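Q: Input query_24.txt, format and content: compact mmCIF, C-alpha atoms.
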```txt
# COMPACT_ATOMS: atom_id res chain seq x y z
CA MET W 1 -4.89 -22.34 71.55
CA SER W 2 -5.70 -18.85 72.80
CA LYS W 3 -8.36 -16.82 71.01
CA ILE W 4 -6.90 -13.95 68.99
CA LYS W 5 -8.94 -11.38 67.07
CA HIS W 6 -8.11 -11.41 63.37
CA HIS W 7 -9.87 -8.67 61.42
CA TYR W 8 -11.10 -9.35 57.89
CA ILE W 9 -11.62 -5.63 57.41
CA PRO W 10 -8.57 -3.68 58.62
CA GLN W 11 -8.89 -1.57 61.73
CA PHE W 12 -7.27 1.41 60.03
CA TYR W 13 -10.13 1.35 57.50
CA LEU W 14 -12.81 0.94 60.16
CA LYS W 15 -11.46 3.94 62.10
CA LEU W 16 -12.35 6.13 59.13
CA PHE W 17 -16.06 5.42 59.74
CA THR W 18 -16.19 6.22 63.46
CA ASN W 19 -17.49 9.27 65.31
CA ASP W 20 -15.32 11.70 67.27
CA ASN W 21 -15.20 9.20 70.14
CA GLY W 22 -13.82 6.45 67.89
CA ASN W 23 -17.06 4.43 67.95
CA TYR W 24 -19.99 3.47 65.74
CA HIS W 25 -23.14 1.40 66.03
CA VAL W 26 -22.89 -2.16 64.67
CA PHE W 27 -25.98 -3.81 63.22
CA ASP W 28 -26.21 -7.60 62.95
CA LYS W 29 -28.43 -8.62 60.03
CA LYS W 30 -28.55 -12.23 61.23
CA TYR W 31 -30.43 -11.23 64.38
CA ASN W 32 -31.86 -7.98 62.97
CA GLU W 33 -30.60 -5.94 65.87
CA PHE W 34 -27.88 -3.56 67.01
CA ARG W 35 -25.25 -4.55 69.50
CA LYS W 36 -26.23 -3.09 72.85
CA GLU W 37 -23.25 -0.78 73.19
CA PRO W 38 -21.38 1.33 70.63
CA GLN W 39 -18.46 -0.63 69.20
CA SER W 40 -14.91 0.25 68.23
CA PRO W 41 -12.84 -1.07 65.30
CA ASN W 42 -11.11 -3.40 67.76
CA THR W 43 -14.40 -5.10 68.67
CA SER W 44 -15.96 -5.51 65.22
CA PHE W 45 -15.42 -7.21 61.84
CA PHE W 46 -13.15 -9.97 63.12
CA GLU W 47 -13.11 -13.72 63.63
CA TYR W 48 -11.08 -15.46 66.28
CA ASN W 49 -7.91 -17.09 64.89
CA ARG W 50 -9.10 -16.59 61.32
CA ASN W 51 -5.55 -16.12 60.02
CA MET W 52 -3.96 -18.88 62.09
CA ILE W 53 -2.45 -21.63 59.95
CA LYS W 54 -0.19 -24.64 60.45
CA ILE W 55 3.29 -24.93 58.99
CA ASN W 56 5.11 -28.21 59.69
CA ASN W 57 2.24 -29.03 62.03
CA LEU W 58 2.88 -25.95 64.18
CA ASN W 59 0.37 -23.14 64.65
CA THR W 60 1.54 -19.76 63.42
CA ASP W 61 -0.01 -16.34 62.91
CA VAL W 62 2.45 -15.41 60.14
CA LEU W 63 -0.49 -14.45 57.91
CA GLU W 64 -1.73 -11.92 60.45
CA LYS W 65 1.74 -10.39 60.73
CA THR W 66 2.03 -10.20 56.94
CA TYR W 67 -1.37 -8.54 56.73
CA SER W 68 -0.20 -6.02 59.34
CA ASP W 69 2.78 -5.09 57.17
CA PHE W 70 0.57 -4.53 54.13
CA GLU W 71 -2.00 -2.62 56.16
CA ASN W 72 0.55 -0.24 57.66
CA ASN W 73 1.55 0.82 54.15
CA PHE W 74 -2.05 1.02 52.92
CA ALA W 75 -3.00 3.06 55.99
CA LYS W 76 -0.38 5.71 55.20
CA PHE W 77 -1.58 5.84 51.61
CA ILE W 78 -5.28 6.10 52.48
CA LYS W 79 -4.51 8.76 55.09
CA TYR W 80 -2.68 10.78 52.45
CA ILE W 81 -5.38 10.71 49.77
CA THR W 82 -8.22 11.26 52.25
CA SER W 83 -6.60 13.96 54.38
CA THR W 84 -8.57 17.19 54.71
CA HIS W 85 -5.79 19.27 53.19
CA TYR W 86 -5.64 17.08 50.11
CA GLU W 87 -8.69 17.77 47.97
CA ILE W 88 -8.74 15.38 45.04
CA GLU W 89 -11.05 14.51 42.25
CA ILE W 90 -9.18 12.84 39.39
CA LEU W 91 -6.43 10.44 40.46
CA ASN W 92 -3.63 11.74 38.25
CA ASN W 93 -0.89 9.39 39.39
CA ARG W 94 -0.59 5.77 38.28
CA ASP W 95 1.18 4.77 41.49
CA LEU W 96 -1.90 5.89 43.42
CA ILE W 97 -4.06 3.74 41.18
CA TYR W 98 -1.78 0.69 41.48
CA THR W 99 -1.86 0.98 45.27
CA LEU W 100 -5.65 1.28 45.33
CA LYS W 101 -5.94 -1.73 43.03
CA GLY W 102 -3.78 -3.82 45.35
CA TYR W 103 -5.78 -2.74 48.37
CA ILE W 104 -9.12 -3.50 46.70
CA ALA W 105 -7.92 -6.90 45.44
CA MET W 106 -6.63 -8.00 48.84
CA GLN W 107 -9.75 -6.75 50.62
CA PHE W 108 -12.02 -8.61 48.22
CA CYS W 109 -10.14 -11.91 48.57
CA ARG W 110 -10.09 -11.90 52.39
CA LEU W 111 -13.83 -11.43 53.00
CA PRO W 112 -15.54 -14.32 54.85
CA PHE W 113 -18.38 -14.07 52.34
CA HIS W 114 -16.04 -15.67 49.77
CA ASP W 115 -14.68 -18.53 51.88
CA SER W 116 -16.39 -21.40 50.10
CA TYR W 117 -16.02 -19.90 46.63
CA MET W 118 -12.32 -19.06 47.04
CA ASP W 119 -11.36 -22.54 48.17
CA LYS W 120 -13.06 -24.14 45.16
CA PHE W 121 -11.60 -21.53 42.83
CA ILE W 122 -8.03 -22.23 43.97
CA LEU W 123 -8.49 -26.00 43.71
CA ASN W 124 -9.57 -25.54 40.09
CA ILE W 125 -7.41 -22.55 39.23
CA ASN W 126 -6.77 -21.98 35.54
CA LYS W 127 -3.01 -21.73 35.10
CA LYS W 128 -3.44 -19.76 31.89
CA SER W 129 -5.16 -16.98 33.81
CA CYS W 130 -2.27 -16.45 36.21
CA ARG W 131 -0.87 -13.47 34.26
CA ASN W 132 2.65 -15.03 34.17
CA MET W 133 3.20 -14.26 37.85
CA LEU W 134 3.94 -17.90 38.68
CA VAL W 135 6.44 -18.48 35.88
CA ASP W 136 10.15 -19.04 36.53
CA ASN W 137 13.06 -17.76 34.45
CA ASN W 138 12.76 -20.73 32.13
CA GLY W 139 9.09 -20.07 31.39
CA ASN W 140 7.82 -22.98 33.52
CA ASN W 141 4.67 -22.45 35.55
CA TYR W 142 5.16 -23.26 39.22
CA LEU W 143 1.67 -24.74 39.33
CA ASP W 144 2.94 -27.50 37.04
CA ASP W 145 5.42 -28.50 39.74
CA ASN W 146 4.22 -31.50 41.74
CA ILE W 147 5.17 -29.85 45.03
CA TYR W 148 3.02 -26.77 44.47
CA GLY W 149 0.26 -28.78 42.85
CA ASN W 150 0.09 -31.17 45.79
CA LEU W 151 0.19 -28.35 48.31
CA ILE W 152 -2.79 -26.69 46.66
CA LYS W 153 -4.74 -29.94 46.52
CA LYS W 154 -3.91 -31.37 49.95
CA ASP W 155 -2.95 -28.54 52.29
CA LYS W 156 -5.82 -26.24 53.25
CA TYR W 157 -3.43 -23.94 55.11
CA PHE W 158 -1.30 -23.43 52.01
CA ARG W 159 -4.48 -22.74 50.02
CA TYR W 160 -5.42 -20.08 52.53
CA TYR W 161 -1.98 -18.47 52.27
CA PHE W 162 -2.29 -18.66 48.48
CA ARG W 163 -5.69 -16.97 48.72
CA CYS W 164 -4.44 -14.14 50.92
CA PHE W 165 -1.22 -13.09 49.24
CA ILE W 166 -0.91 -14.70 45.79
CA LEU W 167 -4.43 -14.98 44.41
CA PRO W 168 -5.24 -11.22 44.55
CA PHE W 169 -2.37 -10.51 42.17
CA LEU W 170 -3.34 -13.40 39.89
CA MET W 171 -7.05 -12.64 39.70
CA PHE W 172 -6.94 -8.87 39.38
CA ASN W 173 -5.50 -6.71 36.64
CA ILE W 174 -3.40 -4.67 39.04
CA LEU W 175 -0.30 -3.67 37.10
CA SER W 176 -1.77 -2.88 33.69
CA HIS W 177 -0.33 0.20 32.02
CA ASP W 178 -3.45 1.19 30.08
CA ASP W 179 -5.46 2.75 32.91
CA ASN W 180 -7.40 5.82 31.95
CA MET W 181 -6.70 7.97 34.99
CA GLU W 182 -9.75 10.13 34.37
CA THR W 183 -11.99 7.17 35.16
CA TRP W 184 -10.65 7.05 38.75
CA ARG W 185 -12.05 9.75 41.02
CA ILE W 186 -12.52 10.44 44.71
CA TYR W 187 -15.45 12.54 45.91
CA ASN W 188 -15.82 14.31 49.23
CA THR W 189 -19.46 14.31 50.38
CA GLU W 190 -18.67 16.18 53.60
CA LYS W 191 -17.68 19.29 51.68
CA ASP W 192 -21.18 19.94 50.34
CA ASN W 193 -23.75 18.07 52.39
CA HIS W 194 -22.02 16.25 55.27
CA PHE W 195 -23.34 12.92 54.02
CA SER W 196 -21.95 9.81 55.78
CA PHE W 197 -21.45 6.39 54.22
CA ILE W 198 -22.12 3.24 56.18
CA CYS W 199 -19.41 0.60 56.52
CA ALA W 200 -20.38 -2.93 55.50
CA ASP W 201 -18.68 -6.32 55.61
CA PHE W 202 -18.93 -6.36 51.81
CA PRO W 203 -17.73 -2.79 51.18
CA ILE W 204 -17.13 -2.78 47.41
CA ILE W 205 -20.00 -2.35 44.93
CA PHE W 206 -19.67 -3.70 41.40
CA ASN W 207 -22.03 -5.17 38.85
CA ASN W 208 -20.01 -7.77 36.96
CA ILE W 209 -17.20 -9.87 38.43
CA ASN W 210 -15.29 -10.08 35.15
CA ASP W 211 -15.34 -6.30 34.75
CA PHE W 212 -14.47 -5.86 38.40
CA ILE W 213 -11.28 -7.93 38.35
CA MET W 214 -10.17 -5.96 35.29
CA PHE W 215 -11.17 -2.66 37.00
CA LYS W 216 -13.55 -1.85 34.18
CA GLY W 217 -17.20 -0.85 34.22
CA LYS W 218 -18.36 0.93 37.37
CA ILE W 219 -17.00 0.37 40.87
CA PHE W 220 -17.99 2.15 44.10
CA PHE W 221 -15.79 1.93 47.20
CA PRO W 222 -16.28 4.20 50.24
CA LEU W 223 -12.83 5.07 51.59
CA THR W 224 -14.09 6.95 54.66
CA LYS W 225 -17.45 7.99 56.05
CA ASN W 226 -17.29 11.06 53.79
CA LYS W 227 -15.11 10.08 50.82
CA ILE W 228 -15.70 7.55 48.10
CA LEU W 229 -13.73 6.15 45.20
CA LEU W 230 -15.70 5.96 41.96
CA ILE W 231 -14.41 4.15 38.89
CA SER W 232 -16.41 4.68 35.71
CA ALA W 233 -15.45 4.32 32.08
CA ASN W 234 -18.66 6.12 31.08
CA GLY W 235 -17.71 9.47 32.58
CA PHE W 236 -19.17 11.40 35.50
CA PRO W 237 -21.96 13.94 35.90
CA ASP W 238 -21.11 17.53 36.79
CA ASN W 239 -22.60 17.01 40.24
CA PHE W 240 -24.32 14.30 42.22
CA PRO W 241 -27.70 14.68 43.93
CA ASP W 242 -27.87 13.67 47.60
CA SER W 243 -30.03 10.72 46.60
CA TYR W 244 -27.13 9.21 44.66
CA TRP W 245 -25.02 8.79 47.78
CA ALA W 246 -28.05 7.47 49.66
CA TYR W 247 -28.55 4.82 46.96
CA ILE W 248 -24.99 3.68 47.53
CA ASN W 249 -25.82 3.13 51.20
CA MET W 250 -28.95 1.21 50.21
CA VAL W 251 -26.88 -1.15 48.05
CA LEU W 252 -24.25 -1.55 50.79
CA TYR W 253 -27.04 -2.45 53.20
CA GLU W 254 -28.54 -4.90 50.71
CA GLN W 255 -25.31 -6.72 49.80
CA SER W 256 -23.77 -6.81 53.28
CA ASN W 257 -23.34 -10.37 54.49
CA ARG W 258 -24.01 -9.84 58.21
CA TYR W 259 -22.53 -6.70 59.76
CA LEU W 260 -22.67 -3.01 58.97
CA THR W 261 -22.05 0.19 60.90
CA VAL W 262 -23.83 3.53 61.14
CA LEU W 263 -23.25 6.68 63.16
CA ASP W 264 -27.00 7.24 63.64
CA LYS W 265 -29.28 4.29 64.43
CA ASN W 266 -32.33 6.11 63.11
CA TYR W 267 -30.70 6.41 59.70
CA LEU W 268 -30.45 2.61 59.43
CA PHE W 269 -34.11 2.24 60.41
CA GLU W 270 -34.96 4.61 57.55
CA LEU W 271 -32.91 2.50 55.11
CA GLN W 272 -34.64 -0.66 56.32
CA ASN W 273 -38.10 0.80 55.90
CA ILE W 274 -37.36 1.96 52.36
CA TYR W 275 -35.77 -1.38 51.46
CA GLN W 276 -38.73 -3.36 52.81
CA ASP W 277 -41.21 -1.19 50.89
CA ILE W 278 -39.26 -1.66 47.67
CA ASN W 279 -39.07 -5.42 48.22
CA LYS W 280 -42.83 -5.64 48.71
CA LYS W 281 -43.27 -4.00 45.31
CA GLY W 282 -40.93 -6.52 43.67
CA MET W 283 -38.35 -3.84 42.88
CA SER W 284 -35.42 -5.07 44.97
CA ASN W 285 -32.86 -4.18 42.26
CA LEU W 286 -34.06 -0.60 41.95
CA PHE W 287 -31.14 1.02 43.76
CA ARG W 288 -28.42 -1.10 42.15
CA ASP W 289 -29.92 -0.54 38.70
CA TYR W 290 -29.99 3.20 39.34
CA LEU W 291 -26.30 3.26 40.26
CA PHE W 292 -25.21 1.32 37.21
CA LYS W 293 -27.30 3.38 34.82
```
Kindly present the structure from the file in structure tokens form.
A:
Amino acid sequence: MSKIKHHYIPQFYLKLFTNDNGNYHVFDKKYNEFRKEPQSPNTSFFEYNRNMIKINNLNTDVLEKTYSDFENNFAKFIKYITSTHYEIEILNNRDLIYTLKGYIAMQFCRLPFHDSYMDKFILNINKKSCRNMLVDNNGNNYLDDNIYGNLIKKDKYFRYYFRCFILPFLMFNILSHDDNMETWRIYNTEKDNHFSFICADFPIIFNNINDFIMFKGKIFFPLTKNKILLISANGFPDNFPDSYWAYINMVLYEQSNRYLTVLDKNYLFELQNIYQDINKKGMSNLFRDYLFK
């Protein structure tokens, strides 16, 4: 089988963190070093044949093609809400929020960091938590059907398909009608101080998984190198100090699994030095605690 790059973070998203030449520097935490040359979205955040599965014992990349369809629609949406002519703070449209929820849910479920957890979760999935999405017209849950039950238990490829395109809509509270739109905001850091966010292979910051899947509590999600989605039921300050955005980068650096990108190598060295000093003092949760206070 030929080796095909399958991205677990979409290229359209990665392009929003590049410089004017379409590149960035990729740091590998496993080896504690940068890749020798600047990288592009095409050459980063992928695994070979990750989305290749078998159907009737034949290899197919149908998952990759399905992801491409979703990503094309998400890309248009993200381009719209992050365009320079569209200055936004409060998301005042529920359709915008539903789309963001779907994007966040699918991104979370596809991360390699969750591979082991997701497989176990699906094998032991609680049918009562499926939000009636797997119920037929007669009120019967498809997971009670022996065919679906056996597929989940015995077919790892079906479990992976289930994880990619069914589980996000079962786990997450995507289509609720009680969203307080004022708790969803997008901030532009370029407008005031030209601050740039790093891009990490675990790009969403949250404090509690149960709150996160319900889109409650606080959630931080950089949408571009200069724009970030903030969700907070506790309100927002009138303005944010520069240090607040820097703390977000510190947490992204801390929680990243292996890879992250920066536009300036020296900036990452500064983050590392600060993080190491804080760790030595036994205060490794300082930055995360600050964000969630």
Q: Is there a way to get, as a PDB file with C-alpha atoms, in the frame of the given file, all residues within 10 Å of the point (-24.7, -6.1, 63.9) in file coordinates, counting all atoms listed in the file?
A:
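Result file point_11.pdb:
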```
ATOM      1  CA  HIS W  25     -23.140   1.400  66.030  1.00  0.00           C
ATOM      2  CA  VAL W  26     -22.890  -2.160  64.670  1.00  0.00           C
ATOM      3  CA  PHE W  27     -25.980  -3.810  63.220  1.00  0.00           C
ATOM      4  CA  ASP W  28     -26.210  -7.600  62.950  1.00  0.00           C
ATOM      5  CA  LYS W  29     -28.430  -8.620  60.030  1.00  0.00           C
ATOM      6  CA  LYS W  30     -28.550 -12.230  61.230  1.00  0.00           C
ATOM      7  CA  TYR W  31     -30.430 -11.230  64.380  1.00  0.00           C
ATOM      8  CA  ASN W  32     -31.860  -7.980  62.970  1.00  0.00           C
ATOM      9  CA  GLU W  33     -30.600  -5.940  65.870  1.00  0.00           C
ATOM     10  CA  PHE W  34     -27.880  -3.560  67.010  1.00  0.00           C
ATOM     11  CA  ARG W  35     -25.250  -4.550  69.500  1.00  0.00           C
ATOM     12  CA  LYS W  36     -26.230  -3.090  72.850  1.00  0.00           C
ATOM     13  CA  GLN W  39     -18.460  -0.630  69.200  1.00  0.00           C
ATOM     14  CA  SER W  44     -15.960  -5.510  65.220  1.00  0.00           C
ATOM     15  CA  PHE W  45     -15.420  -7.210  61.840  1.00  0.00           C
ATOM     16  CA  ALA W 200     -20.380  -2.930  55.500  1.00  0.00           C
ATOM     17  CA  ARG W 258     -24.010  -9.840  58.210  1.00  0.00           C
ATOM     18  CA  TYR W 259     -22.530  -6.700  59.760  1.00  0.00           C
ATOM     19  CA  LEU W 260     -22.670  -3.010  58.970  1.00  0.00           C
ATOM     20  CA  THR W 261     -22.050   0.190  60.900  1.00  0.00           C
TER      21      THR W 261
END
```
Q: Looking at only C-alpha atoms, which of W:Asn188, W:Asn140, W:Gln255, W:Asn239 is the one that sits closest to Asp201 (chain W)?
A: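 Of all the options, W:Gln255 lies closest to Asp201 (chain W).
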Q: Would you please work out which residue, of W:Leu167, W:Leu286, W:Met181, W:Leu123, is nearest to Lys153 (chain W) when using all atoms listed in the file?
A: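 Ranked by minimum distance to Lys153 (chain W), first place goes to W:Leu123.
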Q: Set the distance at 12 Å and use only C-alpha atoms: which residues neighbour Pro222 (chain W) once local chain neighbours fewer than 4 positions away are removed? I'd like the list as a CSV table (one decimal) with C-alpha atoms, in the coordinates of the input.
A:
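Below is the file result_34.csv, written as the result:
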```csv
chain,number,residue,atom,x,y,z
W,13,TYR,CA,-10.1,1.4,57.5
W,14,LEU,CA,-12.8,0.9,60.2
W,16,LEU,CA,-12.4,6.1,59.1
W,17,PHE,CA,-16.1,5.4,59.7
W,78,ILE,CA,-5.3,6.1,52.5
W,82,THR,CA,-8.2,11.3,52.2
W,104,ILE,CA,-9.1,-3.5,46.7
W,185,ARG,CA,-12.0,9.8,41.0
W,186,ILE,CA,-12.5,10.4,44.7
W,187,TYR,CA,-15.4,12.5,45.9
W,188,ASN,CA,-15.8,14.3,49.2
W,189,THR,CA,-19.5,14.3,50.4
W,195,PHE,CA,-23.3,12.9,54.0
W,196,SER,CA,-22.0,9.8,55.8
W,197,PHE,CA,-21.4,6.4,54.2
W,198,ILE,CA,-22.1,3.2,56.2
W,199,CYS,CA,-19.4,0.6,56.5
W,200,ALA,CA,-20.4,-2.9,55.5
W,202,PHE,CA,-18.9,-6.4,51.8
W,203,PRO,CA,-17.7,-2.8,51.2
W,204,ILE,CA,-17.1,-2.8,47.4
W,205,ILE,CA,-20.0,-2.4,44.9
W,226,ASN,CA,-17.3,11.1,53.8
W,227,LYS,CA,-15.1,10.1,50.8
W,228,ILE,CA,-15.7,7.6,48.1
W,229,LEU,CA,-13.7,6.2,45.2
W,230,LEU,CA,-15.7,6.0,42.0
W,231,ILE,CA,-14.4,4.2,38.9
W,245,TRP,CA,-25.0,8.8,47.8
W,248,ILE,CA,-25.0,3.7,47.5
W,249,ASN,CA,-25.8,3.1,51.2
W,252,LEU,CA,-24.2,-1.6,50.8
```
Q: Between CA of Ile122 (chain W) and CA of Arg94 (chain W), what is the distance, to one decimal in Å?
A: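 So the two atoms, CA of Ile122 (chain W) and CA of Arg94 (chain W), lie 29.5 Å apart.
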Q: Nearest to Asp264 (chain W) among W:Asn138, W:Asn19, W:Ser176, W:Ser2, with distances taken over all atoms listed in the file: which residue is it?
A: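 Closest residue, counting all atoms listed in the file: W:Asn19.
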Q: Kindly give the distance, in Å, that separates CA of Ser68 (chain W) and CA of His6 (chain W), rounded to a single decimal.
A: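 Those two atoms sit 10.4 Å apart.
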Q: Could you jot down the CA of Met171 (chain W) to CA of Phe108 (chain W) separation for me, Å, one decimal place?
A: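 Distance between the two atoms: 10.7 Å.
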Q: Would you mind telling me which residue in W:Pro168, W:Ile55, W:Tyr247, W:Phe158 lies nearest to Leu271 (chain W) when using all atoms listed in the file?
A: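 Under the stated criterion, the closest residue is W:Tyr247.
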Q: Which residues come within 9 Å of Phe292 (chain W), counting only C-alpha atoms, excluding same-chain residues fewer than 4 positions away, as a list in words?
A: Phe206, Asn207, Gly217, Lys218, Phe287 and Arg288 of chain W
Q: Selected residues, C-alpha atoms, written as a PDB file, in the coordinates of the input, please.
A:
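Okay, result35.pdb is ready:
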```
ATOM      1  CA  PHE W 206     -19.670  -3.700  41.400  1.00  0.00           C
ATOM      2  CA  ASN W 207     -22.030  -5.170  38.850  1.00  0.00           C
ATOM      3  CA  GLY W 217     -17.200  -0.850  34.220  1.00  0.00           C
ATOM      4  CA  LYS W 218     -18.360   0.930  37.370  1.00  0.00           C
ATOM      5  CA  PHE W 287     -31.140   1.020  43.760  1.00  0.00           C
ATOM      6  CA  ARG W 288     -28.420  -1.100  42.150  1.00  0.00           C
TER       7      ARG W 288
END
```
Q: Using the atoms already present, construct N, CA and C atoms for region 179-205 of chain W and hand them back as a CSV table (one decimal), keeping the file's coordinate frame.
A:
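That gives us result-v1.csv:
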```csv
chain,number,residue,atom,x,y,z
W,179,ASP,N,-4.4,2.1,32.1
W,179,ASP,CA,-5.5,2.8,32.9
W,179,ASP,C,-5.7,4.2,32.4
W,180,ASN,N,-7.0,4.4,32.2
W,180,ASN,CA,-7.4,5.8,32.0
W,180,ASN,C,-7.6,6.5,33.3
W,181,MET,N,-6.7,7.4,33.7
W,181,MET,CA,-6.7,8.0,35.0
W,181,MET,C,-8.0,8.8,35.2
W,182,GLU,N,-8.6,9.3,34.2
W,182,GLU,CA,-9.8,10.1,34.4
W,182,GLU,C,-11.0,9.3,34.8
W,183,THR,N,-10.9,8.0,34.7
W,183,THR,CA,-12.0,7.2,35.2
W,183,THR,C,-11.9,6.9,36.7
W,184,TRP,N,-10.8,7.3,37.3
W,184,TRP,CA,-10.6,7.0,38.8
W,184,TRP,C,-10.8,8.4,39.5
W,185,ARG,N,-11.8,8.5,40.3
W,185,ARG,CA,-12.0,9.8,41.0
W,185,ARG,C,-12.5,9.5,42.5
W,186,ILE,N,-12.1,10.5,43.3
W,186,ILE,CA,-12.5,10.4,44.7
W,186,ILE,C,-13.4,11.7,45.0
W,187,TYR,N,-14.5,11.4,45.6
W,187,TYR,CA,-15.4,12.5,45.9
W,187,TYR,C,-15.6,12.7,47.4
W,188,ASN,N,-15.7,13.9,47.8
W,188,ASN,CA,-15.8,14.3,49.2
W,188,ASN,C,-17.3,14.8,49.5
W,189,THR,N,-18.1,13.9,50.1
W,189,THR,CA,-19.5,14.3,50.4
W,189,THR,C,-19.6,15.2,51.6
W,190,GLU,N,-18.6,15.3,52.4
W,190,GLU,CA,-18.7,16.2,53.6
W,190,GLU,C,-18.6,17.6,53.2
W,191,LYS,N,-17.9,17.9,52.1
W,191,LYS,CA,-17.7,19.3,51.7
W,191,LYS,C,-19.0,20.0,51.4
W,192,ASP,N,-19.9,19.3,50.8
W,192,ASP,CA,-21.2,19.9,50.3
W,192,ASP,C,-22.4,19.7,51.2
W,193,ASN,N,-22.5,18.4,51.7
W,193,ASN,CA,-23.8,18.1,52.4
W,193,ASN,C,-23.6,17.2,53.6
W,194,HIS,N,-22.3,17.0,54.0
W,194,HIS,CA,-22.0,16.2,55.3
W,194,HIS,C,-22.6,14.9,55.3
W,195,PHE,N,-22.8,14.3,54.1
W,195,PHE,CA,-23.3,12.9,54.0
W,195,PHE,C,-22.3,11.9,54.5
W,196,SER,N,-22.8,10.9,55.2
W,196,SER,CA,-22.0,9.8,55.8
W,196,SER,C,-22.3,8.5,55.2
W,197,PHE,N,-21.3,7.7,54.7
W,197,PHE,CA,-21.4,6.4,54.2
W,197,PHE,C,-21.4,5.4,55.4
W,198,ILE,N,-22.2,4.3,55.2
W,198,ILE,CA,-22.1,3.2,56.2
W,198,ILE,C,-20.9,2.4,55.8
W,199,CYS,N,-20.5,1.5,56.8
W,199,CYS,CA,-19.4,0.6,56.5
W,199,CYS,C,-20.0,-0.8,56.6
W,200,ALA,N,-19.8,-1.6,55.6
W,200,ALA,CA,-20.4,-2.9,55.5
W,200,ALA,C,-19.3,-4.0,55.4
W,201,ASP,N,-19.7,-5.2,55.7
W,201,ASP,CA,-18.7,-6.3,55.6
W,201,ASP,C,-18.5,-6.8,54.2
W,202,PHE,N,-19.2,-6.2,53.2
W,202,PHE,CA,-18.9,-6.4,51.8
W,202,PHE,C,-18.9,-4.9,51.2
W,203,PRO,N,-17.8,-4.2,51.4
W,203,PRO,CA,-17.7,-2.8,51.2
W,203,PRO,C,-17.5,-2.3,49.8
W,204,ILE,N,-17.4,-3.2,48.8
W,204,ILE,CA,-17.1,-2.8,47.4
W,204,ILE,C,-18.3,-3.1,46.5
W,205,ILE,N,-18.8,-2.1,45.8
W,205,ILE,CA,-20.0,-2.4,44.9
W,205,ILE,C,-19.5,-2.5,43.5
```
